[in-house]
file final.txt (compact mmCIF, N, CA, C and O atoms)
# COMPACT_ATOMS: atom_id res chain seq x y z
N MET A 13 -28.78 -17.38 -2.79
CA MET A 13 -27.69 -16.48 -2.50
C MET A 13 -26.76 -16.37 -3.71
O MET A 13 -26.86 -17.11 -4.66
N GLY A 14 -25.82 -15.46 -3.61
CA GLY A 14 -24.82 -15.33 -4.65
C GLY A 14 -25.33 -14.74 -5.94
O GLY A 14 -24.96 -15.20 -7.01
N GLU A 15 -26.18 -13.75 -5.85
CA GLU A 15 -26.72 -13.17 -7.06
C GLU A 15 -26.11 -11.81 -7.38
O GLU A 15 -26.71 -11.02 -8.09
N ILE A 16 -24.95 -11.53 -6.85
CA ILE A 16 -24.25 -10.28 -7.15
C ILE A 16 -23.31 -10.53 -8.32
O ILE A 16 -22.69 -11.58 -8.41
N LYS A 17 -23.21 -9.55 -9.19
CA LYS A 17 -22.20 -9.57 -10.25
C LYS A 17 -21.15 -8.54 -9.88
O LYS A 17 -21.46 -7.48 -9.34
N ALA A 18 -19.89 -8.84 -10.17
CA ALA A 18 -18.80 -7.92 -9.83
C ALA A 18 -17.87 -7.78 -11.02
O ALA A 18 -17.64 -8.74 -11.77
N SER A 19 -17.36 -6.57 -11.21
CA SER A 19 -16.35 -6.33 -12.23
C SER A 19 -15.26 -5.45 -11.64
O SER A 19 -15.54 -4.55 -10.85
N VAL A 20 -14.02 -5.76 -12.04
CA VAL A 20 -12.85 -5.04 -11.55
C VAL A 20 -12.07 -4.60 -12.77
O VAL A 20 -11.74 -5.41 -13.63
N LEU A 21 -11.75 -3.30 -12.82
CA LEU A 21 -10.99 -2.75 -13.93
C LEU A 21 -9.72 -2.13 -13.39
O LEU A 21 -9.76 -1.27 -12.51
N GLY A 22 -8.58 -2.59 -13.91
CA GLY A 22 -7.28 -2.05 -13.51
C GLY A 22 -6.35 -2.07 -14.71
O GLY A 22 -6.57 -2.79 -15.68
N PHE A 23 -5.28 -1.30 -14.63
CA PHE A 23 -4.34 -1.23 -15.75
C PHE A 23 -3.55 -2.53 -15.91
O PHE A 23 -3.26 -2.94 -17.02
N LYS A 24 -3.19 -3.18 -14.82
CA LYS A 24 -2.39 -4.40 -14.89
C LYS A 24 -3.19 -5.60 -15.38
O LYS A 24 -2.76 -6.33 -16.26
N GLU A 25 -4.35 -5.83 -14.80
CA GLU A 25 -5.13 -7.03 -15.08
C GLU A 25 -6.20 -6.83 -16.15
O GLU A 25 -6.78 -7.80 -16.61
N GLY A 26 -6.49 -5.60 -16.50
CA GLY A 26 -7.57 -5.34 -17.44
C GLY A 26 -8.92 -5.50 -16.75
O GLY A 26 -9.05 -5.28 -15.55
N LEU A 27 -9.92 -5.92 -17.49
CA LEU A 27 -11.27 -6.10 -16.94
C LEU A 27 -11.46 -7.55 -16.52
O LEU A 27 -11.23 -8.47 -17.30
N GLN A 28 -11.88 -7.72 -15.27
CA GLN A 28 -12.21 -9.04 -14.75
C GLN A 28 -13.67 -9.01 -14.33
O GLN A 28 -14.09 -8.07 -13.65
N ALA A 29 -14.42 -10.03 -14.71
CA ALA A 29 -15.85 -10.09 -14.38
C ALA A 29 -16.12 -11.37 -13.58
O ALA A 29 -15.55 -12.43 -13.87
N PHE A 30 -16.97 -11.23 -12.58
CA PHE A 30 -17.33 -12.36 -11.71
C PHE A 30 -18.85 -12.42 -11.60
O PHE A 30 -19.50 -11.39 -11.44
N GLU A 31 -19.39 -13.62 -11.65
CA GLU A 31 -20.82 -13.83 -11.42
C GLU A 31 -20.98 -14.74 -10.21
O GLU A 31 -20.02 -15.38 -9.78
N HIS A 32 -22.17 -14.79 -9.67
CA HIS A 32 -22.48 -15.62 -8.51
C HIS A 32 -21.60 -15.25 -7.32
O HIS A 32 -21.03 -16.12 -6.66
N VAL A 33 -21.49 -13.96 -7.06
CA VAL A 33 -20.71 -13.47 -5.92
C VAL A 33 -21.59 -13.49 -4.68
O VAL A 33 -22.74 -13.04 -4.71
N GLU A 34 -21.06 -14.03 -3.61
CA GLU A 34 -21.80 -14.11 -2.36
C GLU A 34 -21.71 -12.81 -1.57
O GLU A 34 -22.70 -12.33 -1.03
N LEU A 35 -20.51 -12.23 -1.50
CA LEU A 35 -20.33 -10.98 -0.77
C LEU A 35 -19.07 -10.28 -1.23
O LEU A 35 -18.18 -10.89 -1.81
N VAL A 36 -19.02 -8.97 -0.95
CA VAL A 36 -17.84 -8.16 -1.22
C VAL A 36 -17.45 -7.50 0.09
O VAL A 36 -18.28 -6.84 0.73
N ARG A 37 -16.21 -7.69 0.50
CA ARG A 37 -15.70 -7.11 1.74
C ARG A 37 -14.71 -6.01 1.39
O ARG A 37 -13.76 -6.24 0.65
N ILE A 38 -14.95 -4.80 1.90
CA ILE A 38 -14.09 -3.66 1.65
C ILE A 38 -13.49 -3.21 2.98
O ILE A 38 -14.23 -2.90 3.92
N VAL A 39 -12.17 -3.18 3.04
CA VAL A 39 -11.47 -2.69 4.22
C VAL A 39 -10.61 -1.52 3.76
O VAL A 39 -9.58 -1.70 3.13
N SER A 40 -11.07 -0.32 4.07
CA SER A 40 -10.37 0.89 3.67
C SER A 40 -9.74 1.53 4.89
O SER A 40 -9.96 1.08 6.02
N ASP A 41 -8.99 2.60 4.69
CA ASP A 41 -8.32 3.25 5.82
C ASP A 41 -9.29 3.96 6.75
O ASP A 41 -8.98 4.17 7.91
N LYS A 42 -10.49 4.28 6.29
CA LYS A 42 -11.45 5.01 7.12
C LYS A 42 -12.71 4.22 7.47
O LYS A 42 -13.47 4.64 8.32
N TYR A 43 -12.97 3.09 6.80
CA TYR A 43 -14.20 2.35 7.05
C TYR A 43 -14.07 0.91 6.57
O TYR A 43 -13.17 0.56 5.82
N ASN A 44 -15.01 0.08 7.03
CA ASN A 44 -15.15 -1.31 6.60
C ASN A 44 -16.58 -1.50 6.10
O ASN A 44 -17.51 -1.06 6.76
N LEU A 45 -16.74 -2.18 4.97
CA LEU A 45 -18.07 -2.47 4.43
C LEU A 45 -18.17 -3.94 4.09
O LEU A 45 -17.21 -4.55 3.62
N LEU A 46 -19.35 -4.50 4.29
CA LEU A 46 -19.66 -5.85 3.85
C LEU A 46 -20.90 -5.73 2.97
O LEU A 46 -21.98 -5.40 3.45
N ILE A 47 -20.73 -5.96 1.68
CA ILE A 47 -21.82 -5.78 0.72
C ILE A 47 -22.40 -7.15 0.40
O ILE A 47 -21.70 -8.05 -0.06
N LEU A 48 -23.69 -7.29 0.64
CA LEU A 48 -24.42 -8.53 0.37
C LEU A 48 -25.52 -8.25 -0.65
O LEU A 48 -25.75 -7.10 -1.03
N LYS A 49 -26.21 -9.31 -1.06
CA LYS A 49 -27.31 -9.17 -2.02
C LYS A 49 -28.34 -8.17 -1.50
O LYS A 49 -28.66 -8.15 -0.31
N ASP A 50 -28.83 -7.34 -2.39
CA ASP A 50 -29.85 -6.32 -2.09
C ASP A 50 -29.36 -5.24 -1.12
O ASP A 50 -30.15 -4.57 -0.46
N TYR A 51 -28.04 -5.04 -1.03
CA TYR A 51 -27.48 -3.96 -0.22
C TYR A 51 -27.81 -2.64 -0.88
O TYR A 51 -27.93 -2.54 -2.10
N MET A 52 -27.94 -1.61 -0.08
CA MET A 52 -28.30 -0.30 -0.61
C MET A 52 -27.23 0.21 -1.58
O MET A 52 -26.07 -0.19 -1.50
N PRO A 53 -27.60 1.08 -2.50
CA PRO A 53 -26.61 1.66 -3.41
C PRO A 53 -25.57 2.45 -2.63
O PRO A 53 -25.88 3.15 -1.67
N VAL A 54 -24.32 2.28 -3.04
CA VAL A 54 -23.23 2.96 -2.35
C VAL A 54 -22.13 3.30 -3.36
O VAL A 54 -21.91 2.57 -4.32
N LEU A 55 -21.48 4.42 -3.15
CA LEU A 55 -20.41 4.92 -4.00
C LEU A 55 -19.30 5.37 -3.09
O LEU A 55 -19.56 6.03 -2.07
N GLY A 56 -18.05 5.02 -3.39
CA GLY A 56 -16.99 5.42 -2.49
C GLY A 56 -15.60 5.30 -3.08
O GLY A 56 -15.40 4.81 -4.19
N GLU A 57 -14.65 5.75 -2.29
CA GLU A 57 -13.23 5.68 -2.63
C GLU A 57 -12.57 4.72 -1.66
O GLU A 57 -12.93 4.66 -0.49
N ILE A 58 -11.59 3.98 -2.14
CA ILE A 58 -10.93 3.00 -1.30
C ILE A 58 -9.42 3.18 -1.30
O ILE A 58 -8.84 3.49 -2.34
N HIS A 59 -8.84 3.02 -0.13
CA HIS A 59 -7.40 2.96 0.07
C HIS A 59 -7.18 1.76 0.99
O HIS A 59 -7.18 1.92 2.21
N GLY A 60 -7.08 0.58 0.43
CA GLY A 60 -6.96 -0.60 1.28
C GLY A 60 -7.14 -1.89 0.52
O GLY A 60 -6.46 -2.13 -0.47
N LYS A 61 -8.10 -2.72 0.96
CA LYS A 61 -8.25 -4.08 0.44
C LYS A 61 -9.71 -4.36 0.08
O LYS A 61 -10.63 -3.93 0.76
N VAL A 62 -9.90 -5.13 -1.02
CA VAL A 62 -11.22 -5.59 -1.43
C VAL A 62 -11.14 -7.11 -1.61
O VAL A 62 -10.21 -7.62 -2.23
N GLU A 63 -12.12 -7.81 -1.03
CA GLU A 63 -12.24 -9.25 -1.21
C GLU A 63 -13.58 -9.56 -1.85
O GLU A 63 -14.62 -9.09 -1.38
N ILE A 64 -13.55 -10.34 -2.92
CA ILE A 64 -14.77 -10.78 -3.60
C ILE A 64 -14.89 -12.27 -3.35
O ILE A 64 -14.07 -13.06 -3.82
N VAL A 65 -15.91 -12.66 -2.58
CA VAL A 65 -16.12 -14.07 -2.22
C VAL A 65 -17.19 -14.63 -3.15
O VAL A 65 -18.32 -14.15 -3.18
N LEU A 66 -16.82 -15.69 -3.88
CA LEU A 66 -17.75 -16.31 -4.81
C LEU A 66 -18.68 -17.26 -4.09
O LEU A 66 -18.43 -17.67 -2.95
N GLU A 67 -19.78 -17.60 -4.74
CA GLU A 67 -20.90 -18.31 -4.13
C GLU A 67 -20.50 -19.62 -3.45
O GLU A 67 -20.98 -19.94 -2.38
N ASP A 68 -19.62 -20.38 -4.06
CA ASP A 68 -19.26 -21.66 -3.48
C ASP A 68 -18.41 -21.51 -2.21
O ASP A 68 -18.24 -22.47 -1.46
N GLY A 69 -17.87 -20.33 -1.97
CA GLY A 69 -17.07 -20.07 -0.77
C GLY A 69 -15.66 -20.61 -0.85
O GLY A 69 -14.85 -20.35 0.02
N ASP A 70 -15.36 -21.37 -1.90
CA ASP A 70 -14.03 -21.94 -2.06
C ASP A 70 -13.05 -20.98 -2.72
O ASP A 70 -11.85 -21.20 -2.70
N ARG A 71 -13.58 -19.94 -3.31
CA ARG A 71 -12.72 -19.02 -4.08
C ARG A 71 -12.95 -17.59 -3.63
O ARG A 71 -14.09 -17.13 -3.55
N THR A 72 -11.87 -16.92 -3.34
CA THR A 72 -11.91 -15.51 -2.97
C THR A 72 -10.89 -14.75 -3.80
O THR A 72 -9.72 -15.14 -3.84
N GLU A 73 -11.33 -13.71 -4.47
CA GLU A 73 -10.43 -12.83 -5.20
C GLU A 73 -10.08 -11.67 -4.28
O GLU A 73 -10.97 -10.98 -3.79
N THR A 74 -8.79 -11.47 -4.03
CA THR A 74 -8.35 -10.44 -3.10
C THR A 74 -7.49 -9.41 -3.82
O THR A 74 -6.58 -9.78 -4.57
N TYR A 75 -7.79 -8.16 -3.58
CA TYR A 75 -7.01 -7.04 -4.12
C TYR A 75 -6.51 -6.24 -2.92
O TYR A 75 -7.30 -5.59 -2.25
N GLU A 76 -5.20 -6.32 -2.66
CA GLU A 76 -4.64 -5.68 -1.47
C GLU A 76 -3.86 -4.42 -1.84
O GLU A 76 -3.32 -4.32 -2.94
N GLU A 77 -3.83 -3.51 -0.88
CA GLU A 77 -3.08 -2.25 -1.01
C GLU A 77 -3.41 -1.54 -2.32
O GLU A 77 -2.52 -1.21 -3.10
N ILE A 78 -4.68 -1.33 -2.56
CA ILE A 78 -5.12 -0.66 -3.78
C ILE A 78 -5.71 0.70 -3.46
O ILE A 78 -6.16 0.96 -2.34
N ASP A 79 -5.69 1.55 -4.44
CA ASP A 79 -6.39 2.82 -4.41
C ASP A 79 -7.38 2.78 -5.57
O ASP A 79 -7.05 2.31 -6.66
N GLY A 80 -8.57 3.26 -5.33
CA GLY A 80 -9.54 3.25 -6.40
C GLY A 80 -10.91 3.74 -5.96
O GLY A 80 -11.06 4.34 -4.89
N PHE A 81 -11.88 3.47 -6.80
CA PHE A 81 -13.26 3.90 -6.58
C PHE A 81 -14.18 2.71 -6.82
O PHE A 81 -13.89 1.86 -7.65
N PHE A 82 -15.30 2.68 -6.10
CA PHE A 82 -16.24 1.58 -6.28
C PHE A 82 -17.66 2.11 -6.26
O PHE A 82 -17.94 3.19 -5.75
N ILE A 83 -18.55 1.32 -6.85
CA ILE A 83 -19.97 1.61 -6.83
C ILE A 83 -20.72 0.28 -6.74
O ILE A 83 -20.27 -0.72 -7.32
N HIS A 84 -21.80 0.28 -6.00
CA HIS A 84 -22.66 -0.89 -5.91
C HIS A 84 -24.10 -0.42 -6.08
O HIS A 84 -24.55 0.47 -5.37
N ARG A 85 -24.79 -1.01 -7.05
CA ARG A 85 -26.20 -0.69 -7.27
C ARG A 85 -26.84 -1.85 -8.02
O ARG A 85 -26.18 -2.50 -8.84
N ASN A 86 -28.08 -2.13 -7.71
CA ASN A 86 -28.84 -3.19 -8.38
C ASN A 86 -28.09 -4.53 -8.41
O ASN A 86 -28.04 -5.21 -9.42
N ASN A 87 -27.44 -4.85 -7.29
CA ASN A 87 -26.68 -6.10 -7.14
C ASN A 87 -25.54 -6.24 -8.14
O ASN A 87 -25.17 -7.34 -8.55
N GLU A 88 -24.98 -5.10 -8.54
CA GLU A 88 -23.79 -5.08 -9.39
C GLU A 88 -22.73 -4.22 -8.71
O GLU A 88 -22.97 -3.05 -8.42
N PHE A 89 -21.57 -4.82 -8.48
CA PHE A 89 -20.45 -4.13 -7.83
C PHE A 89 -19.39 -3.87 -8.89
O PHE A 89 -19.02 -4.76 -9.65
N GLU A 90 -18.90 -2.63 -8.94
CA GLU A 90 -17.86 -2.27 -9.89
C GLU A 90 -16.73 -1.58 -9.14
O GLU A 90 -16.96 -0.73 -8.29
N LEU A 91 -15.49 -2.00 -9.45
CA LEU A 91 -14.30 -1.45 -8.81
C LEU A 91 -13.36 -0.95 -9.90
O LEU A 91 -13.04 -1.68 -10.83
N LEU A 92 -12.94 0.30 -9.78
CA LEU A 92 -11.95 0.88 -10.68
C LEU A 92 -10.68 1.10 -9.87
O LEU A 92 -10.68 1.89 -8.92
N ILE A 93 -9.62 0.38 -10.22
CA ILE A 93 -8.35 0.50 -9.51
C ILE A 93 -7.52 1.55 -10.22
O ILE A 93 -7.25 1.44 -11.42
N THR A 94 -7.10 2.57 -9.49
CA THR A 94 -6.23 3.59 -10.05
C THR A 94 -4.81 3.26 -9.62
O THR A 94 -4.54 3.02 -8.45
N GLU A 95 -3.91 3.22 -10.58
CA GLU A 95 -2.53 2.84 -10.30
C GLU A 95 -1.60 3.86 -10.93
O GLU A 95 -1.78 4.27 -12.06
N ASP A 96 -0.56 4.21 -10.20
CA ASP A 96 0.40 5.19 -10.69
C ASP A 96 1.61 4.54 -11.35
O ASP A 96 2.36 5.19 -12.04
N ASP A 97 1.81 3.24 -11.14
CA ASP A 97 3.03 2.61 -11.62
C ASP A 97 3.01 2.27 -13.11
O ASP A 97 3.98 1.79 -13.64
N TYR A 98 1.92 2.56 -13.82
CA TYR A 98 1.88 2.31 -15.25
C TYR A 98 2.60 3.42 -16.02
O TYR A 98 2.92 3.27 -17.18
N VAL A 99 2.87 4.53 -15.37
CA VAL A 99 3.55 5.66 -16.01
C VAL A 99 5.05 5.48 -15.89
O VAL A 99 5.57 5.22 -14.81
N GLU A 100 5.76 5.59 -17.00
CA GLU A 100 7.22 5.45 -16.95
C GLU A 100 7.90 6.77 -17.17
O GLU A 100 7.45 7.63 -17.81
call {"tool": "encode", "arguments": {"input": "final.txt", "output": "structure tokens"}}
result
Amino acid sequence: MGEIKASVLGFKEGLQAFEHVELVRIVSDKYNLLILKDYMPVLGEIHGKVEIVLEDGDRTETYEEIDGFFIHRNNEFELLITEDDYVE
């Protein structure tokens, strides 16, 4: 288990990369997704929360109240967080 790679790109945090991800949980305003190893390719927009659970289960990266876009293919999950607060 835990053979998913994940990357998150946002203006505040920059690029974050994770290996040995067990699952990705997406809770958006219109749907909920649980992405596991060998999950079908999916592309979508999110207005809500993303949780990236690492293989050991002791660590979860949580991104709450975000807007963005995601794609999952070939056991690689990518999240692009769009933020309006970087503009002054």
call {"tool": "atom_distance", "arguments": {"input": "final.txt", "atom1": "atom O of Phe89 of chain A", "atom2": "atom C of Glu76 of chain A"}}
result
17.1 Å
call {"tool": "atom_distance", "arguments": {"input": "final.txt", "atom1": "atom O of Tyr75 of chain A", "atom2": "atom CA of Gly60 of chain A"}}
result
6.1 Å
call {"tool": "atom_distance", "arguments": {"input": "final.txt", "atom1": "atom CA of Ile64 of chain A", "atom2": "atom C of Val39 of chain A"}}
result
12.5 Å
call {"tool": "residues_around", "arguments": {"input": "final.txt", "residues": "segment 78-81 of chain A", "least_positions_apart": "4", "cutoff": "8 Å", "atoms": "only C-alpha atoms", "output": "PDB file with N, CA, C and O atoms, in the coordinates of the input"}}
result
ATOM      1  N   LEU A  55     -21.480   4.420  -3.150  1.00  0.00           N
ATOM      2  CA  LEU A  55     -20.410   4.920  -4.000  1.00  0.00           C
ATOM      3  C   LEU A  55     -19.300   5.370  -3.090  1.00  0.00           C
ATOM      4  O   LEU A  55     -19.560   6.030  -2.070  1.00  0.00           O
ATOM      5  N   GLY A  56     -18.050   5.020  -3.390  1.00  0.00           N
ATOM      6  CA  GLY A  56     -16.990   5.420  -2.490  1.00  0.00           C
ATOM      7  C   GLY A  56     -15.600   5.300  -3.080  1.00  0.00           C
ATOM      8  O   GLY A  56     -15.400   4.810  -4.190  1.00  0.00           O
ATOM      9  N   GLU A  57     -14.650   5.750  -2.290  1.00  0.00           N
ATOM     10  CA  GLU A  57     -13.230   5.680  -2.630  1.00  0.00           C
ATOM     11  C   GLU A  57     -12.570   4.720  -1.660  1.00  0.00           C
ATOM     12  O   GLU A  57     -12.930   4.660  -0.490  1.00  0.00           O
ATOM     13  N   ILE A  58     -11.590   3.980  -2.140  1.00  0.00           N
ATOM     14  CA  ILE A  58     -10.930   3.000  -1.300  1.00  0.00           C
ATOM     15  C   ILE A  58      -9.420   3.180  -1.300  1.00  0.00           C
ATOM     16  O   ILE A  58      -8.840   3.490  -2.340  1.00  0.00           O
ATOM     17  N   HIS A  59      -8.840   3.020  -0.130  1.00  0.00           N
ATOM     18  CA  HIS A  59      -7.400   2.960   0.070  1.00  0.00           C
ATOM     19  C   HIS A  59      -7.180   1.760   0.990  1.00  0.00           C
ATOM     20  O   HIS A  59      -7.180   1.920   2.210  1.00  0.00           O
ATOM     21  N   GLY A  60      -7.080   0.580   0.430  1.00  0.00           N
ATOM     22  CA  GLY A  60      -6.960  -0.600   1.280  1.00  0.00           C
ATOM     23  C   GLY A  60      -7.140  -1.890   0.520  1.00  0.00           C
ATOM     24  O   GLY A  60      -6.460  -2.130  -0.470  1.00  0.00           O
ATOM     25  N   LYS A  61      -8.100  -2.720   0.960  1.00  0.00           N
ATOM     26  CA  LYS A  61      -8.250  -4.080   0.440  1.00  0.00           C
ATOM     27  C   LYS A  61      -9.710  -4.360   0.080  1.00  0.00           C
ATOM     28  O   LYS A  61     -10.630  -3.930   0.760  1.00  0.00           O
ATOM     29  N   LEU A  91     -15.490  -2.000  -9.450  1.00  0.00           N
ATOM     30  CA  LEU A  91     -14.300  -1.450  -8.810  1.00  0.00           C
ATOM     31  C   LEU A  91     -13.360  -0.950  -9.900  1.00  0.00           C
ATOM     32  O   LEU A  91     -13.040  -1.680 -10.830  1.00  0.00           O
ATOM     33  N   LEU A  92     -12.940   0.300  -9.780  1.00  0.00           N
ATOM     34  CA  LEU A  92     -11.950   0.880 -10.680  1.00  0.00           C
ATOM     35  C   LEU A  92     -10.680   1.100  -9.870  1.00  0.00           C
ATOM     36  O   LEU A  92     -10.680   1.890  -8.920  1.00  0.00           O
ATOM     37  N   ILE A  93      -9.620   0.380 -10.220  1.00  0.00           N
ATOM     38  CA  ILE A  93      -8.350   0.500  -9.510  1.00  0.00           C
ATOM     39  C   ILE A  93      -7.520   1.550 -10.220  1.00  0.00           C
ATOM     40  O   ILE A  93      -7.250   1.440 -11.420  1.00  0.00           O
ATOM     41  N   THR A  94      -7.100   2.570  -9.490  1.00  0.00           N
ATOM     42  CA  THR A  94      -6.230   3.590 -10.050  1.00  0.00           C
ATOM     43  C   THR A  94      -4.810   3.260  -9.620  1.00  0.00           C
ATOM     44  O   THR A  94      -4.540   3.020  -8.450  1.00  0.00           O
ATOM     45  N   GLU A  95      -3.910   3.220 -10.580  1.00  0.00           N
ATOM     46  CA  GLU A  95      -2.530   2.840 -10.300  1.00  0.00           C
ATOM     47  C   GLU A  95      -1.600   3.860 -10.930  1.00  0.00           C
ATOM     48  O   GLU A  95      -1.780   4.270 -12.060  1.00  0.00           O
TER      49      GLU A  95
END
call {"tool": "closest_residue", "arguments": {"input": "final.txt", "among": "A:Phe30, A:Ile16, A:Leu21, A:Glu73", "to": "Ile47 of chain A", "atoms": "all atoms listed in the file"}}
result
A:Ile16
call {"tool": "closest_residue", "arguments": {"input": "final.txt", "among": "A:Thr72, A:Ile83, A:Glu67, A:Tyr51", "to": "His32 of chain A", "atoms": "all atoms listed in the file"}}
result
A:Glu67
call {"tool": "residues_around", "arguments": {"input": "final.txt", "residues": "Lys17 of chain A", "least_positions_apart": "2", "cutoff": "8 Å", "atoms": "only C-alpha atoms", "output": "list of chain:residue names"}}
result
A:Glu15, A:Ser19, A:Ala29, A:Phe30, A:Glu31, A:His32, A:Val33, A:Asn87, A:Glu88, A:Phe89
call {"tool": "write_last_selection", "arguments": {"input": "final.txt", "atoms": "N, CA, C and O atoms", "output": "PDB file, keeping the file's coordinate frame"}}
result
ATOM      1  N   GLU A  15     -26.180 -13.750  -5.850  1.00  0.00           N
ATOM      2  CA  GLU A  15     -26.720 -13.170  -7.060  1.00  0.00           C
ATOM      3  C   GLU A  15     -26.110 -11.810  -7.380  1.00  0.00           C
ATOM      4  O   GLU A  15     -26.710 -11.020  -8.090  1.00  0.00           O
ATOM      5  N   SER A  19     -17.360  -6.570 -11.210  1.00  0.00           N
ATOM      6  CA  SER A  19     -16.350  -6.330 -12.230  1.00  0.00           C
ATOM      7  C   SER A  19     -15.260  -5.450 -11.640  1.00  0.00           C
ATOM      8  O   SER A  19     -15.540  -4.550 -10.850  1.00  0.00           O
ATOM      9  N   ALA A  29     -14.420 -10.030 -14.710  1.00  0.00           N
ATOM     10  CA  ALA A  29     -15.850 -10.090 -14.380  1.00  0.00           C
ATOM     11  C   ALA A  29     -16.120 -11.370 -13.580  1.00  0.00           C
ATOM     12  O   ALA A  29     -15.550 -12.430 -13.870  1.00  0.00           O
ATOM     13  N   PHE A  30     -16.970 -11.230 -12.580  1.00  0.00           N
ATOM     14  CA  PHE A  30     -17.330 -12.360 -11.710  1.00  0.00           C
ATOM     15  C   PHE A  30     -18.850 -12.420 -11.600  1.00  0.00           C
ATOM     16  O   PHE A  30     -19.500 -11.390 -11.440  1.00  0.00           O
ATOM     17  N   GLU A  31     -19.390 -13.620 -11.650  1.00  0.00           N
ATOM     18  CA  GLU A  31     -20.820 -13.830 -11.420  1.00  0.00           C
ATOM     19  C   GLU A  31     -20.980 -14.740 -10.210  1.00  0.00           C
ATOM     20  O   GLU A  31     -20.020 -15.380  -9.780  1.00  0.00           O
ATOM     21  N   HIS A  32     -22.170 -14.790  -9.670  1.00  0.00           N
ATOM     22  CA  HIS A  32     -22.480 -15.620  -8.510  1.00  0.00           C
ATOM     23  C   HIS A  32     -21.600 -15.250  -7.320  1.00  0.00           C
ATOM     24  O   HIS A  32     -21.030 -16.120  -6.660  1.00  0.00           O
ATOM     25  N   VAL A  33     -21.490 -13.960  -7.060  1.00  0.00           N
ATOM     26  CA  VAL A  33     -20.710 -13.470  -5.920  1.00  0.00           C
ATOM     27  C   VAL A  33     -21.590 -13.490  -4.680  1.00  0.00           C
ATOM     28  O   VAL A  33     -22.740 -13.040  -4.710  1.00  0.00           O
ATOM     29  N   ASN A  87     -27.440  -4.850  -7.290  1.00  0.00           N
ATOM     30  CA  ASN A  87     -26.680  -6.100  -7.140  1.00  0.00           C
ATOM     31  C   ASN A  87     -25.540  -6.240  -8.140  1.00  0.00           C
ATOM     32  O   ASN A  87     -25.170  -7.340  -8.550  1.00  0.00           O
ATOM     33  N   GLU A  88     -24.980  -5.100  -8.540  1.00  0.00           N
ATOM     34  CA  GLU A  88     -23.790  -5.080  -9.390  1.00  0.00           C
ATOM     35  C   GLU A  88     -22.730  -4.220  -8.710  1.00  0.00           C
ATOM     36  O   GLU A  88     -22.970  -3.050  -8.420  1.00  0.00           O
ATOM     37  N   PHE A  89     -21.570  -4.820  -8.480  1.00  0.00           N
ATOM     38  CA  PHE A  89     -20.450  -4.130  -7.830  1.00  0.00           C
ATOM     39  C   PHE A  89     -19.390  -3.870  -8.890  1.00  0.00           C
ATOM     40  O   PHE A  89     -19.020  -4.760  -9.650  1.00  0.00           O
TER      41      PHE A  89
END
call {"tool": "closest_residue", "arguments": {"input": "final.txt", "among": "A:Arg71, A:Asn86, A:Leu66, A:Lys24", "to": "Asp50 of chain A", "atoms": "all atoms listed in the file"}}
result
A:Asn86
call {"tool": "axis_aligned_box", "arguments": {"input": "final.txt", "around": "segment 68-73 of chain A", "padding_each_side": "8 Å", "output": "AutoDock Vina command-line options"}}
result
--center_x -14.7 --center_y -16.7 --center_z -2.6 --size_x 25.9 --size_y 27.5 --size_z 21.2
call {"tool": "select_by_dssp", "arguments": {"input": "final.txt", "residues": "segment 18-55 of chain A", "states": "strand (DSSP E or B)", "output": "JSON, numbers by chain"}}
result
{"A": [18, 19, 20, 21, 22, 26, 27, 28, 29, 30, 31, 32, 33, 34, 35, 36, 37, 38, 39, 40, 44, 45, 46, 47, 54, 55]}
call {"tool": "closest_residue", "arguments": {"input": "final.txt", "among": "A:Glu90, A:Asn44, A:Arg37, A:Ala18", "to": "Thr74 of chain A", "atoms": "only N, CA, C and O atoms"}}
result
A:Arg37
call {"tool": "closest_residue", "arguments": {"input": "final.txt", "among": "A:Pro53, A:Leu27, A:Leu35, A:Leu45", "to": "Arg85 of chain A", "atoms": "only N, CA, C and O atoms"}}
result
A:Pro53
call {"tool": "closest_residue", "arguments": {"input": "final.txt", "among": "A:His84, A:Glu63, A:Asp68, A:Gly26", "to": "Ser40 of chain A", "atoms": "only C-alpha atoms"}}
result
A:Glu63
